[in-house]
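A.B. asks: Structure supplied as start11.cif; contents: mmCIF, C-alpha atoms.
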```cif
data_final
#
loop_
_atom_site.label_atom_id
_atom_site.label_comp_id
_atom_site.auth_asym_id
_atom_site.auth_seq_id
_atom_site.Cartn_x
_atom_site.Cartn_y
_atom_site.Cartn_z
CA MET A 1 -10.54 -30.26 -57.25
CA ARG A 2 -11.32 -31.57 -53.77
CA GLU A 3 -8.00 -30.41 -52.33
CA THR A 4 -8.39 -27.02 -53.98
CA ALA A 5 -11.80 -26.71 -52.34
CA GLY A 6 -10.21 -27.54 -48.97
CA LEU A 7 -12.35 -30.62 -48.35
CA SER A 8 -11.26 -33.93 -46.87
CA LEU A 9 -12.69 -37.20 -48.19
CA ARG A 10 -14.85 -37.44 -45.08
CA ASP A 11 -16.19 -33.89 -45.57
CA LEU A 12 -16.97 -34.53 -49.23
CA ALA A 13 -18.61 -37.87 -48.44
CA ARG A 14 -20.95 -36.13 -46.01
CA VAL A 15 -22.09 -33.41 -48.41
CA ALA A 16 -22.21 -35.74 -51.45
CA LEU A 17 -24.23 -38.41 -49.59
CA SER A 18 -21.66 -41.04 -50.46
CA SER A 19 -19.04 -43.04 -48.54
CA LYS A 20 -15.38 -42.19 -48.10
CA SER A 21 -14.24 -45.45 -49.68
CA HIS A 22 -16.47 -44.83 -52.70
CA LEU A 23 -15.00 -41.39 -53.21
CA HIS A 24 -11.48 -42.76 -52.89
CA ASP A 25 -12.26 -45.34 -55.58
CA PHE A 26 -13.62 -42.59 -57.83
CA GLU A 27 -10.49 -40.46 -57.36
CA CYS A 28 -8.20 -43.41 -58.09
CA GLY A 29 -10.15 -44.38 -61.19
CA ARG A 30 -11.12 -47.80 -59.87
CA LYS A 31 -14.86 -47.06 -60.20
CA LEU A 32 -17.06 -44.65 -62.10
CA PRO A 33 -19.78 -42.86 -60.13
CA SER A 34 -23.46 -42.73 -60.98
CA PHE A 35 -25.03 -39.66 -62.55
CA GLU A 36 -26.59 -38.60 -59.22
CA THR A 37 -23.29 -38.97 -57.34
CA VAL A 38 -21.35 -36.97 -59.96
CA GLU A 39 -23.97 -34.25 -59.82
CA ARG A 40 -23.76 -33.96 -56.02
CA ILE A 41 -19.93 -33.96 -56.01
CA ASP A 42 -19.89 -31.36 -58.78
CA GLN A 43 -22.16 -29.13 -56.71
CA ALA A 44 -20.19 -29.72 -53.50
CA LEU A 45 -16.95 -28.69 -55.25
CA SER A 46 -18.60 -25.73 -57.02
CA ALA A 47 -17.21 -27.15 -60.27
CA ASP A 48 -19.95 -25.59 -62.39
CA GLY A 49 -20.48 -28.80 -64.38
CA GLU A 50 -16.80 -29.39 -65.15
CA LEU A 51 -16.65 -32.66 -63.21
CA MET A 52 -19.86 -33.85 -64.85
CA ARG A 53 -18.42 -33.19 -68.31
CA MET A 54 -15.19 -35.02 -67.42
CA VAL A 55 -16.99 -38.16 -66.22
CA VAL A 56 -19.55 -38.30 -69.00
CA SER A 57 -16.74 -38.08 -71.57
CA VAL A 58 -15.07 -41.25 -70.22
CA PRO A 59 -15.45 -43.99 -72.89
CA GLY A 60 -18.02 -46.56 -71.90
CA TRP A 61 -19.47 -44.52 -69.02
CA ALA A 62 -23.21 -44.71 -68.51
CA ASP A 63 -25.20 -44.44 -65.34
CA PRO A 64 -26.42 -47.92 -64.29
CA ALA A 65 -29.93 -46.67 -63.57
CA MET A 66 -30.07 -45.01 -66.99
CA ARG A 67 -28.85 -48.20 -68.66
CA ARG A 68 -31.47 -50.22 -66.80
CA ARG A 69 -34.31 -47.87 -67.77
CA SER A 70 -33.16 -48.09 -71.38
CA PHE A 71 -33.09 -51.88 -71.18
CA VAL A 72 -36.59 -52.02 -69.70
CA GLY A 73 -37.85 -49.99 -72.65
CA MET A 74 -36.10 -52.26 -75.11
CA ALA A 75 -37.45 -55.32 -73.28
CA ALA A 76 -41.01 -54.08 -73.62
CA GLY A 77 -40.37 -53.51 -77.32
CA LEU A 78 -38.88 -56.98 -77.61
CA ALA A 79 -41.96 -58.55 -76.07
CA VAL A 80 -44.18 -56.77 -78.56
CA GLY A 81 -41.84 -57.33 -81.48
CA LEU A 82 -41.22 -61.05 -81.08
CA PRO A 83 -43.18 -62.84 -83.76
CA GLN A 84 -46.40 -64.34 -82.48
CA ALA A 85 -46.64 -68.03 -83.10
CA VAL A 86 -48.79 -69.20 -86.00
CA TYR A 87 -51.47 -70.37 -83.59
CA ASP A 88 -52.41 -66.69 -83.10
CA ILE A 89 -53.95 -66.53 -86.58
CA PRO A 90 -57.77 -66.52 -86.18
CA GLY A 91 -59.45 -69.69 -87.39
CA ARG A 92 -56.21 -71.59 -87.85
CA ARG A 93 -55.87 -74.94 -86.11
CA ARG A 94 -52.90 -74.88 -83.76
CA THR A 95 -50.26 -77.47 -84.57
CA GLU A 96 -47.04 -78.88 -83.13
CA PRO A 97 -44.81 -76.27 -84.86
CA ALA A 98 -46.90 -73.64 -83.06
CA VAL A 99 -45.91 -75.18 -79.72
CA ALA A 100 -42.26 -75.13 -80.74
CA GLN A 101 -42.55 -71.42 -81.56
CA ALA A 102 -44.24 -70.73 -78.21
CA VAL A 103 -41.45 -72.59 -76.41
CA LEU A 104 -38.81 -70.56 -78.24
CA ARG A 105 -40.57 -67.26 -77.51
CA THR A 106 -40.84 -68.16 -73.83
CA ALA A 107 -37.15 -69.07 -73.68
CA ARG A 108 -36.19 -65.71 -75.20
CA LEU A 109 -38.31 -63.77 -72.75
CA ARG A 110 -36.95 -65.80 -69.84
CA ARG A 111 -33.52 -64.20 -70.40
CA LEU A 112 -34.92 -60.84 -69.32
CA ASP A 113 -34.93 -62.13 -65.75
CA ASP A 114 -31.14 -62.34 -65.86
CA TYR A 115 -30.92 -58.55 -65.95
CA LEU A 116 -34.20 -57.09 -64.64
CA GLY A 117 -36.19 -57.20 -61.42
CA GLY A 118 -39.69 -58.49 -60.94
CA THR A 119 -41.45 -55.14 -61.27
CA ASP A 120 -39.89 -54.80 -64.74
CA THR A 121 -40.75 -58.28 -66.03
CA TYR A 122 -44.07 -59.04 -64.32
CA ALA A 123 -46.36 -57.37 -66.87
CA ILE A 124 -44.47 -58.90 -69.81
CA TYR A 125 -44.66 -62.42 -68.39
CA LEU A 126 -48.27 -62.11 -67.22
CA ALA A 127 -49.34 -61.04 -70.72
CA GLU A 128 -47.81 -64.28 -72.04
CA VAL A 129 -49.72 -66.30 -69.42
CA GLU A 130 -53.00 -64.68 -70.36
CA SER A 131 -52.39 -65.13 -74.09
CA THR A 132 -51.62 -68.85 -73.77
CA ALA A 133 -54.53 -69.45 -71.37
CA ALA A 134 -56.89 -67.80 -73.87
CA LEU A 135 -55.67 -70.12 -76.61
CA LEU A 136 -56.23 -73.15 -74.40
CA ARG A 137 -59.75 -72.04 -73.55
CA ALA A 138 -60.48 -71.67 -77.29
CA GLY A 139 -59.80 -75.40 -77.61
CA SER A 140 -58.88 -75.38 -81.33
CA HIS A 141 -56.03 -77.86 -81.13
CA SER A 142 -55.14 -81.53 -81.06
CA GLU A 143 -54.55 -83.39 -77.80
CA SER A 144 -50.76 -83.34 -78.22
CA THR A 145 -50.75 -79.63 -79.06
CA GLY A 146 -52.98 -78.95 -76.06
CA ARG A 147 -50.54 -80.69 -73.76
CA GLY A 148 -47.68 -78.76 -75.28
CA LEU A 149 -49.48 -75.47 -74.70
CA LEU A 150 -50.27 -76.46 -71.12
CA ALA A 151 -46.56 -77.03 -70.51
CA VAL A 152 -45.78 -73.63 -72.02
CA LEU A 153 -48.43 -72.07 -69.77
CA ALA A 154 -46.86 -73.75 -66.75
CA GLU A 155 -43.45 -72.27 -67.62
CA GLN A 156 -44.91 -68.82 -68.22
CA ALA A 157 -46.84 -68.92 -64.95
CA GLN A 158 -43.64 -69.79 -63.10
CA MET A 159 -41.86 -66.85 -64.72
CA ALA A 160 -44.68 -64.44 -63.88
CA GLY A 161 -45.00 -65.90 -60.40
CA PHE A 162 -41.32 -65.44 -59.68
CA SER A 163 -41.50 -61.85 -60.93
CA ALA A 164 -44.37 -61.20 -58.51
CA PHE A 165 -42.41 -62.88 -55.71
CA ASP A 166 -39.34 -60.79 -56.53
CA ALA A 167 -41.45 -57.62 -56.43
CA GLY A 168 -42.96 -58.59 -53.07
CA TRP A 169 -46.48 -59.35 -54.35
CA GLN A 170 -46.89 -62.63 -52.50
CA SER A 171 -50.59 -63.36 -53.09
CA GLU A 172 -50.16 -62.94 -56.82
CA ALA A 173 -47.02 -65.05 -56.77
CA GLU A 174 -48.79 -67.92 -55.01
CA ARG A 175 -51.74 -67.73 -57.43
CA LEU A 176 -49.42 -68.04 -60.40
CA PHE A 177 -47.32 -70.82 -58.87
CA ARG A 178 -50.50 -72.82 -58.21
CA LEU A 179 -51.72 -72.18 -61.74
CA SER A 180 -48.36 -73.48 -62.96
CA LEU A 181 -48.66 -76.61 -60.84
CA THR A 182 -52.11 -77.41 -62.24
CA ALA A 183 -51.06 -76.73 -65.84
CA ALA A 184 -47.92 -78.86 -65.51
CA GLN A 185 -49.91 -81.73 -63.99
CA ASP A 186 -52.51 -81.53 -66.79
CA ALA A 187 -49.68 -81.50 -69.33
CA GLY A 188 -48.20 -84.63 -67.75
CA ASP A 189 -44.86 -82.85 -67.22
CA VAL A 190 -43.62 -84.29 -63.93
CA ALA A 191 -40.41 -82.25 -63.79
CA LEU A 192 -42.23 -78.98 -64.43
CA ALA A 193 -44.81 -79.82 -61.76
CA ALA A 194 -41.97 -80.56 -59.35
CA ASN A 195 -40.49 -77.15 -60.11
CA ALA A 196 -43.82 -75.51 -59.30
CA LEU A 197 -43.76 -77.26 -55.92
CA THR A 198 -40.21 -75.99 -55.40
CA PHE A 199 -41.32 -72.42 -56.11
CA LEU A 200 -44.16 -72.74 -53.60
CA GLY A 201 -41.73 -74.09 -51.02
CA TYR A 202 -39.20 -71.32 -51.73
CA GLN A 203 -41.93 -68.71 -51.23
CA GLN A 204 -43.13 -70.34 -48.03
CA LEU A 205 -39.58 -70.32 -46.69
CA ALA A 206 -39.26 -66.60 -47.39
CA ILE A 207 -42.55 -65.79 -45.67
CA GLU A 208 -42.83 -68.31 -42.86
CA GLY A 209 -39.35 -69.82 -42.47
CA ARG A 210 -40.54 -73.29 -43.38
CA GLY A 211 -41.11 -75.20 -46.61
CA ALA A 212 -38.83 -78.23 -46.57
CA ASP A 213 -41.79 -80.59 -46.99
CA LEU A 214 -42.60 -79.11 -50.39
CA SER A 215 -38.94 -79.28 -51.47
CA VAL A 216 -38.73 -82.90 -50.39
CA ALA A 217 -41.89 -83.68 -52.37
CA ALA A 218 -40.44 -81.93 -55.42
CA CYS A 219 -37.24 -83.99 -55.24
CA GLU A 220 -39.18 -87.22 -54.93
CA ALA A 221 -41.35 -86.29 -57.91
CA ALA A 222 -38.33 -85.37 -60.04
CA ILE A 223 -36.21 -88.39 -59.13
CA HIS A 224 -35.99 -89.47 -62.79
CA ALA A 225 -35.53 -85.97 -64.22
CA THR A 226 -32.54 -84.72 -66.20
CA PRO A 227 -29.34 -83.77 -64.31
CA ARG A 228 -29.86 -80.00 -64.19
CA VAL A 229 -33.47 -80.38 -63.08
CA ARG A 230 -32.43 -82.82 -60.35
CA ALA A 231 -29.62 -80.51 -59.25
CA LEU A 232 -32.02 -77.56 -59.10
CA GLN A 233 -34.54 -79.38 -56.93
CA LEU A 234 -31.82 -80.70 -54.65
CA GLU A 235 -30.10 -77.35 -54.13
CA ARG A 236 -33.45 -75.76 -53.28
CA ARG A 237 -34.07 -78.65 -50.88
CA ALA A 238 -30.68 -77.92 -49.28
CA TRP A 239 -31.71 -74.29 -48.82
CA ALA A 240 -35.00 -75.34 -47.21
CA HIS A 241 -33.19 -77.62 -44.76
CA ALA A 242 -30.67 -74.90 -43.97
CA VAL A 243 -33.34 -72.29 -43.24
CA GLU A 244 -35.04 -74.79 -40.93
CA GLY A 245 -31.70 -75.43 -39.18
CA GLN A 246 -31.24 -79.00 -40.44
CA SER A 247 -27.51 -78.93 -41.16
CA HIS A 248 -26.97 -82.63 -41.93
CA ALA A 249 -29.89 -82.76 -44.36
CA ALA A 250 -28.70 -79.55 -46.01
CA GLU A 251 -25.19 -80.87 -46.50
CA ALA A 252 -26.48 -84.18 -47.89
CA SER A 253 -28.71 -82.35 -50.37
CA LEU A 254 -25.86 -80.10 -51.51
CA GLY A 255 -23.68 -83.15 -52.14
CA ALA A 256 -26.49 -84.83 -54.05
CA ALA A 257 -27.06 -81.69 -56.15
CA GLU A 258 -23.40 -81.52 -57.14
CA ALA A 259 -23.37 -85.22 -57.98
CA ALA A 260 -26.57 -84.92 -60.04
CA LEU A 261 -25.10 -82.12 -62.11
CA HIS A 262 -22.22 -84.37 -63.19
CA ASN A 263 -24.38 -87.35 -64.12
CA TYR A 264 -24.31 -88.24 -67.80
CA ASP A 265 -27.68 -88.11 -69.53
CA ASP A 266 -28.32 -87.80 -73.27
CA ARG A 267 -31.77 -86.26 -72.79
CA ALA A 268 -32.19 -82.56 -73.58
CA GLU A 269 -32.44 -80.28 -70.56
CA PRO A 270 -35.49 -78.00 -70.33
CA ASP A 271 -34.70 -74.35 -70.91
CA TRP A 272 -36.10 -73.37 -67.51
CA ALA A 273 -33.11 -75.12 -65.90
CA HIS A 274 -30.48 -73.69 -68.28
CA TRP A 275 -28.88 -71.50 -65.58
CA VAL A 276 -28.08 -74.31 -63.14
CA ASP A 277 -24.32 -74.91 -63.04
CA GLU A 278 -21.47 -75.46 -60.61
CA ILE A 279 -21.22 -71.78 -59.71
CA GLU A 280 -24.90 -71.61 -58.79
CA ILE A 281 -24.61 -74.69 -56.60
CA ARG A 282 -21.51 -73.28 -54.86
CA ILE A 283 -23.35 -70.02 -54.22
CA MET A 284 -26.27 -71.93 -52.74
CA ALA A 285 -23.83 -73.86 -50.58
CA GLY A 286 -22.37 -70.60 -49.30
CA ARG A 287 -25.83 -69.25 -48.53
CA CYS A 288 -26.64 -72.43 -46.64
CA TRP A 289 -23.46 -72.22 -44.54
CA THR A 290 -24.26 -68.60 -43.77
CA VAL A 291 -27.74 -69.26 -42.38
CA LEU A 292 -26.45 -72.35 -40.56
CA GLY A 293 -23.95 -70.16 -38.68
CA ARG A 294 -20.75 -71.43 -40.29
CA PRO A 295 -19.30 -68.14 -41.55
CA LEU A 296 -15.75 -69.25 -42.33
CA ARG A 297 -16.96 -72.04 -44.55
CA ALA A 298 -19.46 -69.69 -46.21
CA ILE A 299 -16.86 -66.98 -46.86
CA SER A 300 -14.50 -69.37 -48.59
CA VAL A 301 -17.19 -70.70 -50.93
CA LEU A 302 -18.91 -67.39 -51.66
CA GLU A 303 -15.74 -65.39 -52.29
CA GLN A 304 -14.60 -67.86 -54.93
CA ALA A 305 -18.00 -68.32 -56.59
CA LEU A 306 -18.93 -64.62 -56.72
CA ARG A 307 -15.65 -63.71 -58.39
CA ALA A 308 -16.91 -65.68 -61.39
CA TYR A 309 -20.38 -64.09 -61.26
CA GLU A 310 -20.94 -61.16 -63.61
CA ASP A 311 -22.01 -57.80 -62.16
CA THR A 312 -24.48 -57.49 -65.05
CA HIS A 313 -26.67 -60.01 -63.17
CA SER A 314 -27.10 -57.23 -60.67
CA ARG A 315 -30.15 -58.37 -58.69
CA ASP A 316 -28.90 -61.88 -58.08
CA LYS A 317 -25.33 -60.87 -57.35
CA ALA A 318 -26.48 -58.15 -54.96
CA LEU A 319 -28.65 -60.69 -53.15
CA TYR A 320 -25.83 -63.24 -52.93
CA LEU A 321 -23.39 -60.59 -51.70
CA THR A 322 -25.63 -59.95 -48.71
CA PHE A 323 -24.99 -63.51 -47.56
CA LEU A 324 -21.26 -62.98 -47.89
CA ALA A 325 -21.63 -59.76 -45.89
CA GLN A 326 -23.61 -61.60 -43.22
CA ALA A 327 -20.90 -64.26 -42.98
CA TYR A 328 -18.24 -61.56 -42.53
CA LEU A 329 -20.26 -59.96 -39.74
CA ASP A 330 -20.76 -63.35 -38.09
CA ALA A 331 -16.98 -63.83 -38.24
CA ASN A 332 -16.49 -60.39 -36.61
CA GLU A 333 -14.91 -59.01 -39.78
CA VAL A 334 -17.01 -55.86 -39.63
CA GLU A 335 -15.10 -53.67 -42.07
CA GLN A 336 -15.03 -56.37 -44.75
CA GLY A 337 -18.73 -56.92 -44.17
CA CYS A 338 -19.32 -53.20 -44.68
CA ASP A 339 -17.40 -53.25 -47.96
CA VAL A 340 -19.56 -56.09 -49.25
CA ILE A 341 -22.79 -54.41 -48.14
CA GLU A 342 -21.73 -51.31 -50.03
CA HIS A 343 -21.05 -53.35 -53.18
CA ALA A 344 -24.48 -54.98 -52.87
CA MET A 345 -26.14 -51.57 -52.59
CA ASP A 346 -24.36 -50.33 -55.70
CA LEU A 347 -25.51 -53.35 -57.71
CA ALA A 348 -29.09 -53.21 -56.43
CA SER A 349 -29.55 -49.51 -57.20
CA GLY A 350 -32.53 -49.10 -59.51
CA VAL A 351 -33.35 -52.82 -59.59
CA GLY A 352 -37.09 -53.54 -59.31
CA SER A 353 -36.73 -56.16 -56.60
CA VAL A 354 -37.49 -56.07 -52.88
CA ARG A 355 -35.26 -59.01 -51.96
CA PRO A 356 -31.76 -57.47 -52.00
CA ARG A 357 -33.17 -54.30 -50.44
CA GLN A 358 -34.76 -56.22 -47.58
CA ARG A 359 -31.53 -58.09 -46.96
CA VAL A 360 -29.43 -54.90 -47.00
CA ALA A 361 -31.84 -53.23 -44.58
CA GLU A 362 -31.52 -56.17 -42.17
CA LEU A 363 -27.72 -56.04 -42.28
CA VAL A 364 -27.58 -52.28 -41.78
CA ARG A 365 -29.90 -52.56 -38.76
CA ARG A 366 -27.59 -55.21 -37.40
CA LEU A 367 -24.58 -52.92 -37.78
CA GLY A 368 -26.24 -50.33 -35.57
CA ALA A 369 -25.77 -46.60 -35.77
CA GLY A 370 -23.87 -46.39 -32.48
CA SER A 371 -20.91 -48.54 -33.51
CA ALA A 372 -17.44 -47.22 -32.73
CA VAL A 373 -16.13 -48.52 -36.07
CA PRO A 374 -15.87 -45.53 -38.49
CA ARG A 375 -16.65 -47.75 -41.48
CA VAL A 376 -20.01 -48.65 -39.94
CA ALA A 377 -21.01 -44.99 -39.72
CA GLU A 378 -20.04 -44.46 -43.36
CA VAL A 379 -22.04 -47.44 -44.63
CA SER A 380 -25.03 -46.59 -42.43
CA ALA A 381 -25.10 -43.05 -43.83
CA TYR A 382 -24.71 -44.33 -47.37
CA ALA A 383 -27.51 -46.87 -46.80
CA ALA A 384 -29.85 -44.16 -45.51
CA GLU A 385 -29.29 -42.13 -48.67
CA TRP A 386 -29.44 -45.24 -50.89
CA ALA A 387 -32.81 -46.23 -49.45
CA THR A 388 -34.34 -42.91 -50.52
CA ARG A 389 -33.57 -43.52 -54.19
CA GLY A 390 -34.93 -47.02 -54.43
CA PRO A 391 -37.33 -47.94 -57.23
CA SER A 392 -41.03 -47.53 -56.62
CA LEU A 393 -42.69 -50.92 -56.22
CA PRO A 394 -46.39 -50.38 -56.94
CA ALA A 395 -48.86 -53.17 -56.37
CA PRO A 396 -49.70 -55.16 -59.49
CA THR A 397 -52.73 -54.02 -61.46
CA PRO A 398 -55.73 -56.00 -60.16
CA ARG A 399 -56.60 -58.74 -62.61
CA THR A 400 -59.13 -61.51 -62.68
CA GLY A 401 -56.28 -63.76 -63.80
CA PRO A 402 -56.21 -66.15 -66.71
CA GLY A 403 -58.46 -68.55 -64.89
CA GLN A 404 -58.25 -72.31 -65.09
CA PRO A 405 -57.11 -73.33 -68.58
CA ARG A 406 -59.02 -76.02 -70.35
CA SER A 407 -57.07 -79.27 -70.31
CA ALA A 408 -56.14 -80.94 -73.55
CA PRO A 409 -59.07 -82.88 -75.07
CA ARG A 410 -59.18 -86.45 -73.84
#
```
Mind converting the file's structure to structure tokens?

C.D. replies:
Amino acid sequence: MRETAGLSLRDLARVALSSKSHLHDFECGRKLPSFETVERIDQALSADGELMRMVVSVPGWADPAMRRRSFVGMAAGLAVGLPQAVYDIPGRRRTEPAVAQAVLRTARLRRLDDYLGGTDTYAIYLAEVESTAALLRAGSHSESTGRGLLAVLAEQAQMAGFSAFDAGWQSEAERLFRLSLTAAQDAGDVALAANALTFLGYQQLAIEGRGADLSVAACEAAIHATPRVRALQLERRAWAHAVEGQSHAAEASLGAAEAALHNYDDRAEPDWAHWVDEIEIRIMAGRCWTVLGRPLRAISVLEQALRAYEDTHSRDKALYLTFLAQAYLDANEVEQGCDVIEHAMDLASGVGSVRPRQRVAELVRRLGAGSAVPRVAEVSAYAAEWATRGPSLPAPTPRTGPGQPRSAPR
């Protein structure tokens, strides 16, 4: 069709607001375009909908943004449809089985974060925070049940806080992280309180470029925690040291995180640390080497780890790819860096998260529009178009917040 229309790949890329490499991949069948891209190409080739019909008929094709919108709708339905724990029944005294049900519900909802951005999950998670806080304020429970509910509240506040952080709502994120810290301390859950400190440090790093003191405090508090929890705190400590330019401390923390993960322990791991594994630690190592200015070391680690990372985890993989792209640019491998930036943009399309978008914007600015490398011009043009179709990130609805939950009766 393109050749019949007398258009080169470069000409078509310009009118279709895409990149030449993307179009080549589409023609070769290596990738399937999004609905918007197909529509623009169809119009550019005057195909009168023929190209659209051809692509839509491909088995398994679905536009990523459409799939994500569908998933958000299903997620909202899931949140409503999950059975409320028995402690929601008016007048009924809340018991230990009720805590177990709340823990299970929270674990199920936590999986939404694997696939959705913060703007999609924030309202769902905040509703859970408010529901659990209301139950605690009612006070109709035993001391042990109260402590269990406080721990659930701490987990839920961390989930909601991270969603706010991911959406760029920093004041709300800090409020929820601090609520989590207080709830975890009142519950007597040292590991969960340490994780709240880690979240506060991670946020401070993102905003101010410092936060190692909080990560160090979290590691000291969680020194007797289970292996995955220890590994999580240590890898976040490594990141804090790396951002602050402390290469030796970062490397030591990475080594300690890897060692902690392989320690034998017959205690059950908390669900909030279920995602910590060797791949995650290798990715964190690659990110650390990138910000420490060791691109060759970062490229080796990130290339291997990201090959094993599913594209369905689009927000996280897009974010991690930006560090690989940065390492390529630092190593003067500009064209490879451009390819990775383009992949990150594709994954982040339609994701309700500011973090990969901010990182992509920084890298594109670094490339510069005046570069003599043709690939830079292509990616810069694609990035300009990509930025116009980003998700809207409205501020969270003002809330009074769940307030300070009543501690378990003494």

A.B. asks: Could you tell me how far atom CA of Val216 of chain A sits from atom CA of Ala160 of chain A, in Å to one decimal place?

C.D. replies: 23.6 Å

A.B. asks: Just to confirm, what's the straight-line distance from atom CA of Leu176 of chain A to atom CA of Ala157 of chain A in Å (one decimal)?

C.D. replies: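 Interatomic distance, atom CA of Leu176 of chain A to atom CA of Ala157 of chain A: 5.3 Å.
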
A.B. asks: Between atom CA of Ala361 of chain A and atom CA of Val373 of chain A, what is the distance, to one decimal in Å?

C.D. replies: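 Separation between atom CA of Ala361 of chain A and atom CA of Val373 of chain A: 18.5 Å.
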
A.B. asks: Any chance you could work out the residue set of the PyMOL selection byres ((chain A and resi 108-125) around 6) here, as a list in words?

C.D. replies: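 Expected selection for the PyMOL selection byres ((chain A and resi 108-125) around 6) here is Arg105, Thr106, Ala107, Leu126, Ala127, Glu128, Ala160, Ser163, Ala164, Asp166, Ala167, His313, Val351, Gly352 and Ser353 of chain A.
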
A.B. asks: Around (-24.2, -86.7, -62.1) in the file's frame, which residues reach within 10 Å when counting all atoms listed in the file? Return as a PyMOL selection string?

C.D. replies: chain A and resi 226-228+230-231+256-265

A.B. asks: Applied to this file, what does the PyMOL selection byres ((chain A and resi 318) around 12) return in terms of residues, put as a ChimeraX atom specification?

C.D. replies: /A:115,117,306,309-317,319-325,340-351,353-360

A.B. asks: Between A:Asp330, A:Leu296, A:Glu244, A:Leu232, which one has atoms that come closest to Asp213 of chain A, using all atoms listed in the file?

C.D. replies: A:Glu244

A.B. asks: Restricting the calculation to only C-alpha atoms: of A:Ala383, A:Ile207, A:Leu45, A:Val229, which residue gets closest to Arg365 of chain A?

C.D. replies: A:Ala383

A.B. asks: Evaluate the PyMOL selection byres ((chain A and resi 132) around 9) on the structure here and hand back the selected residues as a PyMOL selection string.

C.D. replies: chain A and resi 102+127-131+133-137+149-150+152-153+156+402+405

A.B. asks: Taking every listed atom of segment 189-206 of chain A and adding 5 Å to each side, what centre and edge lengths in Å (one decimal) does the axis-aligned box have, as AutoDock Vina command-line options?

C.D. replies:
```
--center_x -42.0 --center_y -75.4 --center_z -57.0 --size_x 15.7 --size_y 27.7 --size_z 30.5
```

A.B. asks: Looking at A:Cys338, A:Ala387, A:Ala298, A:Arg267, which one is nearest to Gly368 of chain A, with distances taken over all atoms listed in the file?

C.D. replies: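 Closest candidate: A:Cys338.
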
A.B. asks: Which residue out of A:Ala206, A:Leu104, A:Val99, A:Ala285 has the minimum interatomic distance to Ser144 of chain A when only C-alpha atoms are used?

C.D. replies: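 Of A:Ala206, A:Leu104, A:Val99, A:Ala285, the one nearest Ser144 of chain A is A:Val99, counting only C-alpha atoms.
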